[in-house]
Amino acid sequence: MTRSRLVRSRVDLLQEIAPDVERLFNRHLEAPREWMPHEQIDWGQGESFETRPWSETDYPIAEGVRSSIYVNLLTEDNLPYYTSTLLGHAPKDHPIREWNHQWTMEENRHSMVMRDWVHISRCIDPVVLEVGRRVQMTRAEVPVPESFADLICYVSLQERATQIAHRNTGAHLPKDDRMGRNVLALVAGDETKHYMFYRDLARAAFVIDPSTMMVAAARQIRTFAMPGTGIPSFTRHAVRIAREGIYGLRQFLSDVLEPVLSVWDVGHLANLSAEAERARVELTGVLEKITSTVDRMAQRGARSSLA
Ligand SMILES: [Fe+2]
Ligand SMILES: [Fe+2]
């Protein structure tokens with residue numbers, strides 16, 4: 001496909017989807033979540049790090065849970081680069097631009113409230129956290145989807161994955177940390193609404209241009225990775241988080257791919273181009289591969305627990 005054809009098809013999808021952006025944006029605004037970050041924090045619990053330096057025993061917890069809090073918070077910190085990527089696909093005067101501003105406003109409070117809780121509860125070494133933030137934000141690494149179709153597929157998956165990661169992290173916190181559980185539940189609730197916006201926007205795009213969307217969805221699923229490659233020791237943290245049962249390939253399959261693909265109904269799309277049919281076949285292969293890997297991992301886990 002020539003470059004001019006690519007550009008034209010991108011502009012058409014953007015133009016035709018504008019009414020759906022407005023409809024879904026209005027739906028989002030009709031159910032506001034107006035929680036105040038400062039009201040979620042028990043400030044009286046705080047202690048100076050100068051008079052009582054941080055120690056791991058301040059908040060005893062499994063290393064996978066600590067890794068998850070660290071990675072999830074740094075991912076929220078990286079918001080400026082996600083905003084910039086999204087705006088790169090949002091033409092002037094298009095309603096997706098206004099949505100992006102609302103989304104950025106809501107996302108911004110996640111790192112604020114999480115960091116306040118992290119510092120008050122002492123669940124992470126504040127120096128390690130700040131060093132990680134500096135490294136990650138200086139690297140400015142975020143996925144850059146190549147088209148608007150790719151973008152809405154990627155963000156649908158990412159918002160759902162982020163919701164699951166925050167929700168499962170909250171469930172792994174100590175029972176007596178009610179502040180932490182509440183903070184992560186509020187953040188996960190916001191991510192649910194973001195996920196619903198992008199998932200349903202992508203569903204509308206599948207109706208407008210099923211072939212372009214099918215190719216984009218297959219590409220994004222094949223290459224999807226949780227954001228965080230710019231975070232120091234990201235792979236080590238990701239392995240710990242998966243081992244803890246918070247987020248890994250198993251959750252990606254059952255909690256992200258299965259619900260998203262069932263809403264997009266990719267199995268029943270009609271009149272696909274030859275390229276899109278190939279993409280659908282390729283996606284089936286990718287899903288089978290992930291399923292067999294997850295099954296193998298579960299069998300290995302069952303064997304080692306019997307040993
Ligand atoms: Fe967020
Ligand atoms: Fe979000």
# chains A, B, ... in the order shown; residues from 1 in each chain; ligands from 1
$ closest_atom_pairs --of "chain A" --to "ligand 1" --cutoff "7 Å" --atoms "only C-alpha atoms and all ligand atoms" --output "Markdown table"
| residue | atom | partner | partner_atom_place_in_ligand_line | distance |
| --- | --- | --- | --- | --- |
| A:Glu76 | CA | ligand 1 | 1 (Fe) | 5.4 |
| A:Glu107 | CA | ligand 1 | 1 (Fe) | 4.6 |
| A:His110 | CA | ligand 1 | 1 (Fe) | 5.4 |
| A:Val187 | CA | ligand 1 | 1 (Fe) | 6.4 |
| A:Glu191 | CA | ligand 1 | 1 (Fe) | 6.0 |
$ write_last_selection --atoms "C-alpha atoms" --output "mmCIF file, in the first residue's frame"
data_model
loop_
_atom_site.group_PDB
_atom_site.id
_atom_site.type_symbol
_atom_site.label_atom_id
_atom_site.label_comp_id
_atom_site.auth_asym_id
_atom_site.auth_seq_id
_atom_site.Cartn_x
_atom_site.Cartn_y
_atom_site.Cartn_z
ATOM 1 C CA GLU A 76 1.341 6.281 35.816
ATOM 2 C CA GLU A 107 -4.878 9.858 34.669
ATOM 3 C CA HIS A 110 -3.342 8.338 39.746
ATOM 4 C CA VAL A 187 -7.542 3.995 40.378
ATOM 5 C CA GLU A 191 -9.135 2.524 34.371
#
$ closest_atom_pairs --of "chain A" --to "ligand 2" --cutoff "8 Å" --atoms "only C-alpha atoms and all ligand atoms" --output "tab-separated table"
residue	atom	partner	partner_atom_place_in_ligand_line	distance
A:Trp103	CA	ligand 2	1 (Fe)	7.3
A:Glu106	CA	ligand 2	1 (Fe)	7.8
A:Glu107	CA	ligand 2	1 (Fe)	5.8
A:Glu159	CA	ligand 2	1 (Fe)	5.1
A:Thr162	CA	ligand 2	1 (Fe)	7.1
A:Gln163	CA	ligand 2	1 (Fe)	7.6
A:Asp190	CA	ligand 2	1 (Fe)	6.3
A:Glu191	CA	ligand 2	1 (Fe)	4.1
A:Thr192	CA	ligand 2	1 (Fe)	7.5
A:Lys193	CA	ligand 2	1 (Fe)	7.8
A:His194	CA	ligand 2	1 (Fe)	5.2
A:Tyr195	CA	ligand 2	1 (Fe)	7.0
$ write_last_selection --atoms "C-alpha atoms" --output "PDB file, in the first residue's frame"
ATOM      1  CA  TRP A 103      -8.384  11.411  29.973  1.00  0.00           C
ATOM      2  CA  GLU A 106      -8.097  11.848  35.145  1.00  0.00           C
ATOM      3  CA  GLU A 107      -4.878   9.858  34.669  1.00  0.00           C
ATOM      4  CA  GLU A 159      -6.386   0.220  29.854  1.00  0.00           C
ATOM      5  CA  THR A 162      -3.821  -1.661  33.801  1.00  0.00           C
ATOM      6  CA  GLN A 163      -7.214  -2.068  35.461  1.00  0.00           C
ATOM      7  CA  ASP A 190     -10.996   4.997  36.595  1.00  0.00           C
ATOM      8  CA  GLU A 191      -9.135   2.524  34.371  1.00  0.00           C
ATOM      9  CA  THR A 192     -12.381   0.569  33.925  1.00  0.00           C
ATOM     10  CA  LYS A 193     -14.083   3.641  32.518  1.00  0.00           C
ATOM     11  CA  HIS A 194     -11.140   4.412  30.228  1.00  0.00           C
ATOM     12  CA  TYR A 195     -11.153   0.815  29.021  1.00  0.00           C
TER      13      TYR A 195
END
$ select_by_dssp --residues "segment 51-291 of chain A" --states "helix (DSSP H, G or I)" --output "count of residues only"
184
$ atom_distance --atom1 "atom CA of Ala149 of chain A" --atom2 "atom CA of Pro227 of chain A"
18.8 Å
$ closest_atom_pairs --of "segment 213-278 of chain A" --to "segment 170-178 of chain A" --cutoff "10 Å" --atoms "only C-alpha atoms" --output "tab-separated table"
residue	atom	partner	partner_atom	distance
A:Glu244	CA	A:His172	CA	8.9
A:Gly245	CA	A:His172	CA	9.4
A:Ile246	CA	A:His172	CA	8.0
$ atom_distance --atom1 "atom CA of Asn26 of chain A" --atom2 "atom CA of Ala205 of chain A"
17.6 Å
$ residues_around --residues "segment 87-100 of chain A" --least-positions-apart "6" --cutoff "7 Å" --atoms "only C-alpha atoms" --output "PDB file with N, CA and C atoms, in the first residue's frame"
ATOM      1  N   ALA A  18     -15.944  10.248  14.316  1.00  0.00           N
ATOM      2  CA  ALA A  18     -16.138  11.430  15.179  1.00  0.00           C
ATOM      3  C   ALA A  18     -17.455  11.374  15.972  1.00  0.00           C
ATOM      4  N   VAL A  21     -17.023   9.088  18.894  1.00  0.00           N
ATOM      5  CA  VAL A  21     -16.179   9.680  19.941  1.00  0.00           C
ATOM      6  C   VAL A  21     -17.053  10.568  20.824  1.00  0.00           C
ATOM      7  N   GLU A  22     -17.899  11.389  20.182  1.00  0.00           N
ATOM      8  CA  GLU A  22     -18.754  12.304  20.959  1.00  0.00           C
ATOM      9  C   GLU A  22     -19.743  11.523  21.832  1.00  0.00           C
ATOM     10  N   PHE A  25     -17.795   9.848  24.678  1.00  0.00           N
ATOM     11  CA  PHE A  25     -17.282  10.880  25.583  1.00  0.00           C
ATOM     12  C   PHE A  25     -18.427  11.366  26.484  1.00  0.00           C
ATOM     13  N   PHE A 148      -4.195   5.363  13.692  1.00  0.00           N
ATOM     14  CA  PHE A 148      -5.281   5.560  14.656  1.00  0.00           C
ATOM     15  C   PHE A 148      -5.924   4.216  15.010  1.00  0.00           C
TER      16      PHE A 148
END
$ residues_around --residues "Ser67 of chain A" --least-positions-apart "4" --cutoff "9 Å" --atoms "only C-alpha atoms" --output "VMD selection string"
chain A and resid 62 to 63 71 to 72 124 236 to 238 240 to 241
$ write_last_selection --atoms "N, CA and C atoms" --output "short mmCIF file (atom, residue, chain, number, x, y, z; two decimals), in the first residue's frame"
data_model
loop_
_atom_site.label_atom_id
_atom_site.label_comp_id
_atom_site.auth_asym_id
_atom_site.auth_seq_id
_atom_site.Cartn_x
_atom_site.Cartn_y
_atom_site.Cartn_z
N ALA A 62 5.29 -9.45 50.11
CA ALA A 62 6.00 -10.27 49.12
C ALA A 62 6.66 -9.37 48.07
N GLU A 63 7.83 -9.81 47.58
CA GLU A 63 8.57 -8.96 46.65
C GLU A 63 7.79 -8.69 45.36
N VAL A 71 6.15 -0.73 39.68
CA VAL A 71 5.97 -0.66 38.23
C VAL A 71 4.69 0.10 37.87
N ASN A 72 3.62 -0.18 38.59
CA ASN A 72 2.34 0.47 38.28
C ASN A 72 2.42 1.98 38.52
N ILE A 124 7.34 1.37 49.77
CA ILE A 124 8.48 1.32 48.84
C ILE A 124 9.53 2.31 49.33
N ARG A 236 12.92 -8.13 35.43
CA ARG A 236 12.98 -8.80 36.74
C ARG A 236 11.67 -8.53 37.53
N HIS A 237 11.23 -7.28 37.50
CA HIS A 237 9.97 -6.95 38.20
C HIS A 237 8.78 -7.67 37.56
N ALA A 238 8.75 -7.71 36.21
CA ALA A 238 7.62 -8.34 35.51
C ALA A 238 7.52 -9.82 35.87
N ARG A 240 8.55 -11.25 38.67
CA ARG A 240 8.06 -11.34 40.07
C ARG A 240 6.55 -11.10 40.15
N ILE A 241 6.08 -10.12 39.37
CA ILE A 241 4.65 -9.76 39.39
C ILE A 241 3.83 -10.93 38.86
#
